[in-house]
file structure-v6.txt (compact mmCIF, C-alpha atoms and all ligand atoms)
# COMPACT_ATOMS: atom_id res chain seq x y z
CA MET V 1 144.37 62.54 245.09
CA GLY V 2 146.47 59.82 243.37
CA MET V 3 149.70 60.24 241.44
CA LYS V 4 149.68 61.23 237.77
CA LEU V 5 152.39 61.35 235.10
CA THR V 6 152.16 63.42 231.93
CA ILE V 7 153.94 61.89 228.95
CA GLY V 8 155.30 63.98 226.06
CA TYR V 9 155.10 61.73 223.01
CA LEU V 10 157.48 63.20 220.43
CA TYR V 11 156.52 62.97 216.73
CA PRO V 12 154.02 60.12 217.19
CA ASN V 13 153.08 60.12 213.50
CA THR V 14 156.58 60.70 212.12
CA MET V 15 158.96 58.80 214.41
CA ASN V 16 157.19 55.54 215.16
CA ILE V 17 159.00 52.76 213.33
CA TYR V 18 158.80 49.03 214.22
CA GLY V 19 156.03 49.64 216.77
CA ASP V 20 157.92 52.00 219.07
CA ARG V 21 154.49 53.36 220.07
CA GLY V 22 154.33 50.22 222.18
CA ASN V 23 156.73 51.89 224.63
CA VAL V 24 154.10 54.49 225.56
CA ILE V 25 151.47 51.74 225.85
CA ALA V 26 153.69 49.67 228.17
CA PHE V 27 154.69 52.69 230.29
CA CYS V 28 151.02 53.68 230.76
CA ARG V 29 149.82 50.12 231.38
CA ARG V 30 152.43 49.47 234.10
CA CYS V 31 151.37 52.76 235.72
CA PHE V 32 147.67 51.85 235.44
CA TRP V 33 148.25 48.49 237.15
CA ARG V 34 149.60 50.46 240.10
CA GLY V 35 146.83 53.04 240.19
CA ILE V 36 149.04 55.78 238.74
CA LYS V 37 147.16 57.97 236.26
CA THR V 38 148.82 58.95 232.97
CA ASP V 39 148.10 61.54 230.31
CA ILE V 40 149.71 61.28 226.86
CA VAL V 41 150.31 64.54 224.96
CA ASN V 42 151.33 64.29 221.31
CA LEU V 43 154.22 66.68 220.56
CA GLY V 44 154.36 66.70 216.78
CA VAL V 45 155.84 69.10 214.26
CA GLY V 46 155.36 72.74 215.26
CA GLU V 47 154.42 71.99 218.89
CA LYS V 48 156.47 73.90 221.42
CA ILE V 49 157.49 72.16 224.65
CA ASP V 50 156.83 73.62 228.10
CA PRO V 51 159.47 71.69 230.09
CA GLU V 52 157.49 72.09 233.31
CA LYS V 53 154.54 70.15 231.88
CA TYR V 54 155.98 66.71 231.18
CA ASP V 55 157.26 63.93 233.44
CA PHE V 56 158.47 61.54 230.74
CA TYR V 57 159.21 61.81 227.01
CA LEU V 58 159.35 59.12 224.32
CA PHE V 59 161.14 59.77 221.04
CA GLY V 60 160.79 56.76 218.70
CA GLY V 61 162.70 55.62 215.66
CA GLY V 62 162.33 56.60 212.02
CA GLN V 63 163.90 56.21 208.61
CA ASP V 64 166.21 58.90 207.25
CA LYS V 65 163.40 60.76 205.47
CA GLU V 66 161.33 61.04 208.65
CA GLN V 67 164.41 62.17 210.53
CA VAL V 68 164.77 65.14 208.16
CA ILE V 69 161.32 66.33 209.31
CA ALA V 70 162.12 65.74 212.99
CA SER V 71 165.58 67.33 212.80
CA ASP V 72 164.17 70.49 211.22
CA ASP V 73 161.44 70.78 213.84
CA LEU V 74 163.67 70.00 216.81
CA LYS V 75 165.81 73.10 216.42
CA GLN V 76 162.79 75.37 215.90
CA ASN V 77 160.28 73.98 218.37
CA LYS V 78 161.79 71.58 220.84
CA GLN V 79 164.36 73.62 222.74
CA GLY V 80 162.28 73.01 225.89
CA LEU V 81 163.43 69.40 225.71
CA LYS V 82 167.02 70.46 226.43
CA LYS V 83 165.90 72.27 229.57
CA ALA V 84 163.83 69.26 230.65
CA ALA V 85 166.83 66.95 230.15
CA GLU V 86 169.10 69.20 232.21
CA ASN V 87 166.40 69.33 234.91
CA GLY V 88 166.53 65.51 235.18
CA VAL V 89 163.29 64.60 233.38
CA ALA V 90 163.23 60.98 232.14
CA ILE V 91 163.54 60.67 228.36
CA LEU V 92 163.64 57.47 226.30
CA SER V 93 164.89 57.84 222.73
CA VAL V 94 165.05 54.91 220.31
CA CYS V 95 167.26 54.57 217.25
CA GLY V 96 166.41 57.56 214.98
CA GLY V 97 165.19 59.48 218.02
CA TYR V 98 168.40 58.55 219.88
CA GLN V 99 170.50 59.78 216.97
CA LEU V 100 168.67 63.13 216.98
CA LEU V 101 169.14 63.68 220.71
CA GLY V 102 172.84 63.60 219.83
CA HIS V 103 174.73 66.37 218.01
CA TYR V 104 173.92 65.13 214.51
CA TYR V 105 173.07 62.20 212.28
CA LYS V 106 175.08 62.21 209.03
CA ALA V 107 172.64 60.46 206.72
CA PHE V 108 173.47 58.08 203.91
CA ASP V 109 173.27 60.84 201.28
CA GLY V 110 175.88 62.83 203.23
CA SER V 111 173.41 65.38 204.59
CA LYS V 112 173.93 66.27 208.25
CA LEU V 113 170.70 66.18 210.26
CA MET V 114 171.31 68.32 213.32
CA GLY V 115 170.13 67.03 216.69
CA LEU V 116 169.58 68.76 220.02
CA GLY V 117 172.95 67.74 221.45
CA ILE V 118 171.41 66.55 224.72
CA LEU V 119 173.47 63.37 224.42
CA ASN V 120 177.14 63.91 223.63
CA VAL V 121 177.05 61.44 220.74
CA LYS V 122 177.54 61.66 216.97
CA THR V 123 176.15 59.31 214.33
CA HIS V 124 177.28 58.52 210.79
CA ALA V 125 175.29 56.33 208.40
CA SER V 126 177.44 53.42 207.22
CA ASN V 127 177.27 50.80 204.47
CA ASP V 128 176.52 48.12 207.09
CA ARG V 129 172.83 47.62 207.71
CA MET V 130 172.84 46.39 211.32
CA ILE V 131 169.78 44.18 211.64
CA GLY V 132 168.93 41.47 214.13
CA ASN V 133 168.14 40.44 217.67
CA VAL V 134 170.14 42.08 220.43
CA LEU V 135 171.10 40.91 223.91
CA ILE V 136 172.96 43.27 226.23
CA GLU V 137 174.46 43.02 229.70
CA THR V 138 173.50 46.05 231.77
CA ASP V 139 173.45 47.20 235.39
CA LEU V 140 170.18 49.07 234.82
CA VAL V 141 168.05 46.02 235.73
CA ALA V 142 168.27 43.33 238.43
CA ASP V 143 168.82 40.34 236.12
CA ARG V 144 171.41 42.37 234.15
CA ARG V 145 169.99 41.42 230.74
CA MET V 146 167.95 43.43 228.22
CA VAL V 147 166.70 42.25 224.81
CA GLY V 148 165.36 43.80 221.63
CA PHE V 149 166.06 44.02 217.95
CA GLU V 150 167.89 46.57 215.87
CA ASN V 151 167.65 47.82 212.30
CA HIS V 152 169.90 50.77 211.46
CA TRP V 153 172.89 51.81 209.43
CA GLY V 154 173.77 54.69 211.67
CA LYS V 155 176.91 54.14 213.73
CA THR V 156 176.85 56.14 216.98
CA TYR V 157 179.99 57.18 218.85
CA LEU V 158 179.85 58.29 222.48
CA GLY V 159 181.75 61.37 223.68
CA ASP V 160 182.60 62.46 227.24
CA GLY V 161 179.88 62.60 229.86
CA VAL V 162 177.69 59.80 228.46
CA GLU V 163 177.73 56.15 229.54
CA PRO V 164 176.58 53.21 227.39
CA LEU V 165 173.40 51.39 228.49
CA GLY V 166 175.24 48.12 228.34
CA LYS V 167 177.66 45.70 226.78
CA ILE V 168 176.71 43.84 223.62
CA LEU V 169 176.40 40.07 224.13
CA LYS V 170 174.56 39.48 220.83
CA GLY V 171 174.07 41.97 217.99
CA PHE V 172 175.80 45.12 216.69
CA GLY V 173 174.86 47.92 219.12
CA ASN V 174 176.03 51.50 218.75
CA ASN V 175 178.59 50.95 215.98
CA ASN V 176 179.65 47.28 215.75
CA GLU V 177 183.12 48.41 216.86
CA ASP V 178 183.28 49.27 220.58
CA GLY V 179 180.99 46.48 221.87
CA PHE V 180 178.52 48.80 223.56
CA GLU V 181 174.85 49.69 223.11
CA GLY V 182 172.97 52.86 223.86
CA ALA V 183 173.82 55.93 225.91
CA ARG V 184 172.77 57.56 229.17
CA TYR V 185 173.19 61.12 230.39
CA LYS V 186 171.35 62.09 233.62
CA ASN V 187 167.89 60.52 233.08
CA VAL V 188 168.11 60.63 229.30
CA PHE V 189 168.41 57.20 227.66
CA GLY V 190 169.22 56.47 224.03
CA THR V 191 169.08 52.97 222.62
CA TYR V 192 169.00 51.03 219.35
CA LEU V 193 166.68 48.48 220.93
CA HIS V 194 163.36 48.29 219.17
CA GLY V 195 161.01 45.56 220.30
CA PRO V 196 159.43 47.70 221.60
CA ILE V 197 162.06 47.87 224.31
CA LEU V 198 159.76 48.60 227.27
CA PRO V 199 157.29 45.71 226.94
CA LYS V 200 160.25 43.36 226.38
CA ASN V 201 162.19 44.69 229.39
CA ASN V 202 159.67 45.37 232.16
CA ASP V 203 162.28 46.26 234.80
CA PHE V 204 163.67 48.99 232.54
CA CYS V 205 160.11 50.27 232.05
CA ASP V 206 159.68 50.35 235.84
CA LEU V 207 163.00 52.19 236.20
CA LEU V 208 161.71 54.96 233.91
CA ILE V 209 158.42 55.13 235.85
CA LYS V 210 160.36 55.37 239.14
CA LEU V 211 162.59 58.15 237.77
CA ALA V 212 159.54 60.09 236.57
CA LEU V 213 157.73 59.64 239.90
CA LYS V 214 160.84 60.51 241.93
CA LYS V 215 161.26 63.84 240.15
CA LYS V 216 157.61 64.74 240.78
CA TYR V 217 156.81 63.16 244.15
CA GLY V 218 160.12 62.09 245.71
CA ASP V 219 161.25 58.50 246.29
CA ILE V 220 158.37 56.08 245.62
CA GLU V 221 158.41 52.31 246.17
CA LEU V 222 156.62 50.80 243.15
CA ARG V 223 154.21 47.97 243.95
CA GLU V 224 155.61 44.69 242.53
CA LEU V 225 153.68 43.25 239.58
CA ASN V 226 153.44 39.66 238.41
CA ASN V 227 156.05 39.62 235.62
CA ASN V 228 155.96 35.89 234.88
CA ILE V 229 154.80 36.29 231.29
CA GLU V 230 157.27 39.10 230.54
CA GLY V 231 160.08 37.09 232.15
CA ALA V 232 159.24 33.95 230.18
CA ALA V 233 159.11 35.92 226.92
CA ARG V 234 162.45 37.57 227.66
CA LYS V 235 164.11 34.22 228.41
CA ILE V 236 163.08 33.03 224.94
CA ALA V 237 164.25 36.29 223.38
CA GLU V 238 167.64 35.91 225.09
CA GLU V 239 168.16 32.63 223.21
CA LEU V 240 167.30 34.05 219.79
CA GLU V 241 170.19 34.24 217.32
N1 LIG U 1 167.46 56.05 209.86
C1 LIG U 1 168.31 55.69 210.99
C2 LIG U 1 169.31 54.58 210.63
O1 LIG U 1 169.07 53.85 209.69
C3 LIG U 1 167.45 55.23 212.17
C4 LIG U 1 166.67 53.96 211.85
C5 LIG U 1 165.67 53.59 212.94
O2 LIG U 1 165.11 54.44 213.66
N2 LIG U 1 165.39 52.26 213.06
O3 LIG U 1 170.30 54.42 211.32
call {"tool": "encode", "arguments": {"input": "structure-v6.txt", "output": "structure tokens", "more": "lines below"}}
Ligand code: GLN
result
Amino acid sequence: MGMKLTIGYLYPNTMNIYGDRGNVIAFCRRCFWRGIKTDIVNLGVGEKIDPEKYDFYLFGGGQDKEQVIASDDLKQNKQGLKKAAENGVAILSVCGGYQLLGHYYKAFDGSKLMGLGILNVKTHASNDRMIGNVLIETDLVADRRMVGFENHWGKTYLGDGVEPLGKILKGFGNNNEDGFEGARYKNVFGTYLHGPILPKNNDFCDLLIKLALKKKYGDIELRELNNNIEGAARKIAEELE
């Protein structure tokens, strides 16, 4: 009986801006190439979460109006996600999803969209629209570089107990002030990197697969894949202004 991972895809129809759905596609494809089965379960508005059921969650980005829908549903139906996070389940949250795994996102109209508080971060919409290609230095991957693009006006500030994903080399990052991008707490990752981030950064995708497998099956050595195309594409992306 081979290995299988069940993916909880949060708000697939509401929080899926700039192709963030591609993260689920990349995660599943890199599992498939290694003979690891995957099952994607859509966790939309009104769906409760059984934390025992899922091995990995994706929470994509969304504009302020979509975040109102997600914020309202989170507090009513997604409390299981907090338990999963504390139990060490791997979660990737991108931009609007990242903001709502924090304590709150204070939107441009001044309304405060409450998050789950899994990440000890707070976000305030600003007058600066932070748009563009991003290059970060990070110790999450062997070649210490990750790329993507960002498009947000939320400025996120990290509190105690969370580490940034990396240092900004190009772009704005969390708040265009402290020089950092993203946040990590246990196996919960928040990032402003769209792209989608996982197809653009295959080693980070493999890290999430390893974390999900480790929690379910113990330490697993992932079979190496031929990443020549991904590596060539990332090298070009690293040079983008
Ligand atoms: N609406 C949020 C902001 O503008 C998140 C945007 C996004 O997910 N790209 O900061």
call {"tool": "residues_around", "arguments": {"input": "structure-v6.txt", "residues": "V:Arg21", "least_positions_apart": "5", "cutoff": "9 Å", "atoms": "all atoms listed in the file", "output": "list in words"}}
result
Tyr9, Pro12, Asn16, Ala26, Leu58, Gly60 and Pro196 of chain V
call {"tool": "residues_near_ligand", "arguments": {"input": "structure-v6.txt", "ligand": "ligand LIG 1 (chain U)", "cutoff": "6 Å", "atoms": "all atoms listed in the file", "output": "MDAnalysis selection string"}}
result
chainID V and resid 61:64 95:96 151:154
call {"tool": "closest_residue", "arguments": {"input": "structure-v6.txt", "among": "V:Ala107, V:Met130, V:Leu92, V:Ile118", "to": "V:Phe204", "atoms": "only C-alpha atoms"}}
result
V:Leu92
call {"tool": "residues_around", "arguments": {"input": "structure-v6.txt", "residues": "V:Gly115", "least_positions_apart": "5", "cutoff": "8 Å", "atoms": "all atoms listed in the file", "output": "list of chain:residue names"}}
result
V:Ser71, V:Leu74, V:Lys75, V:Gln99, V:Leu100, V:Leu101, V:Gly102, V:His103, V:Tyr104, V:Tyr105
call {"tool": "residues_around", "arguments": {"input": "structure-v6.txt", "residues": "V:Gly88", "least_positions_apart": "4", "cutoff": "7 Å", "atoms": "all atoms listed in the file", "output": "short mmCIF file (atom, residue, chain, number, x, y, z; two decimals) with C-alpha atoms, in the frame of the given file"}}
result
data_model
loop_
_atom_site.label_atom_id
_atom_site.label_comp_id
_atom_site.auth_asym_id
_atom_site.auth_seq_id
_atom_site.Cartn_x
_atom_site.Cartn_y
_atom_site.Cartn_z
CA ALA V 84 163.83 69.26 230.65
CA LYS V 186 171.35 62.09 233.62
CA ASN V 187 167.89 60.52 233.08
#
call {"tool": "residues_around", "arguments": {"input": "structure-v6.txt", "residues": "V:Ile136", "least_positions_apart": "4", "cutoff": "8 Å", "atoms": "all atoms listed in the file", "output": "list in words"}}
result
Arg145, Met146, Val147, Gly166, Lys167, Ile168, Leu169, Lys170 and Glu181 of chain V
call {"tool": "closest_residue", "arguments": {"input": "structure-v6.txt", "among": "V:Lys215, V:Ala142, V:Pro199, V:Asn42", "to": "V:Asn87", "atoms": "only C-alpha atoms"}}
result
V:Lys215
call {"tool": "atom_distance", "arguments": {"input": "structure-v6.txt", "atom1": "atom CA of V:Tyr157", "atom2": "atom CA of V:Leu135"}}
result
19.2 Å
call {"tool": "residues_around", "arguments": {"input": "structure-v6.txt", "residues": "V:Asn202", "least_positions_apart": "4", "cutoff": "7 Å", "atoms": "only C-alpha atoms", "output": "NGL selection string"}}
result
:V and (198 or 206 or 230)
call {"tool": "atom_distance", "arguments": {"input": "structure-v6.txt", "atom1": "atom CA of V:Tyr217", "atom2": "atom CA of V:Gly2"}}
result
10.9 Å
call {"tool": "decode", "arguments": {"input": "structure-v6.txt", "residues": "stretch 125-140 of chain V", "atoms": "N, CA, C and O atoms", "output": "CSV table (one decimal), in the first residue's frame"}}
result
chain,number,residue,atom,x,y,z
V,125,ALA,N,-3.7,47.5,6.1
V,125,ALA,CA,-3.7,48.0,4.8
V,125,ALA,C,-3.0,49.4,4.8
V,125,ALA,O,-3.2,50.2,5.7
V,126,SER,N,-2.2,49.7,3.7
V,126,SER,CA,-1.5,51.0,3.7
V,126,SER,C,-1.9,51.7,2.4
V,126,SER,O,-2.6,51.1,1.6
V,127,ASN,N,-1.3,52.9,2.2
V,127,ASN,CA,-1.5,53.5,0.9
V,127,ASN,C,-0.6,53.1,-0.2
V,127,ASN,O,-0.7,53.4,-1.3
V,128,ASP,N,0.4,52.3,0.3
V,128,ASP,CA,1.4,51.8,-0.7
V,128,ASP,C,1.0,50.5,-1.3
V,128,ASP,O,0.8,49.5,-0.6
V,129,ARG,N,0.7,50.5,-2.6
V,129,ARG,CA,0.4,49.2,-3.3
V,129,ARG,C,1.8,48.6,-3.6
V,129,ARG,O,2.5,49.1,-4.4
V,130,MET,N,2.1,47.4,-2.9
V,130,MET,CA,3.4,46.8,-3.1
V,130,MET,C,3.3,45.7,-4.2
V,130,MET,O,2.7,44.7,-4.0
V,131,ILE,N,3.8,46.1,-5.4
V,131,ILE,CA,3.6,45.2,-6.6
V,131,ILE,C,4.9,45.0,-7.2
V,131,ILE,O,5.7,46.0,-7.4
V,132,GLY,N,5.2,43.8,-7.6
V,132,GLY,CA,6.5,43.5,-8.3
V,132,GLY,C,7.1,42.2,-8.1
V,132,GLY,O,6.6,41.4,-7.2
V,133,ASN,N,8.2,41.9,-8.8
V,133,ASN,CA,8.9,40.7,-8.6
V,133,ASN,C,9.7,40.7,-7.3
V,133,ASN,O,10.1,41.8,-6.8
V,134,VAL,N,9.8,39.5,-6.7
V,134,VAL,CA,10.4,39.4,-5.3
V,134,VAL,C,11.5,38.4,-5.4
V,134,VAL,O,11.3,37.3,-6.0
V,135,LEU,N,12.6,38.7,-4.8
V,135,LEU,CA,13.7,37.7,-4.6
V,135,LEU,C,14.1,37.7,-3.1
V,135,LEU,O,14.3,38.8,-2.5
V,136,ILE,N,14.1,36.6,-2.5
V,136,ILE,CA,14.4,36.5,-1.0
V,136,ILE,C,15.6,35.6,-0.8
V,136,ILE,O,15.8,34.6,-1.6
V,137,GLU,N,16.4,35.9,0.2
V,137,GLU,CA,17.4,34.9,0.7
V,137,GLU,C,16.8,34.2,1.9
V,137,GLU,O,16.2,34.8,2.8
V,138,THR,N,16.9,32.8,1.8
V,138,THR,CA,16.2,32.0,2.9
V,138,THR,C,17.0,30.8,3.2
V,138,THR,O,17.7,30.3,2.3
V,139,ASP,N,16.9,30.3,4.4
V,139,ASP,CA,17.6,29.0,4.7
V,139,ASP,C,16.7,27.8,4.6
V,139,ASP,O,17.0,26.7,5.0
V,140,LEU,N,15.5,28.1,4.0
V,140,LEU,CA,14.6,27.0,3.8
V,140,LEU,C,15.0,26.0,2.7
V,140,LEU,O,14.5,24.9,2.6
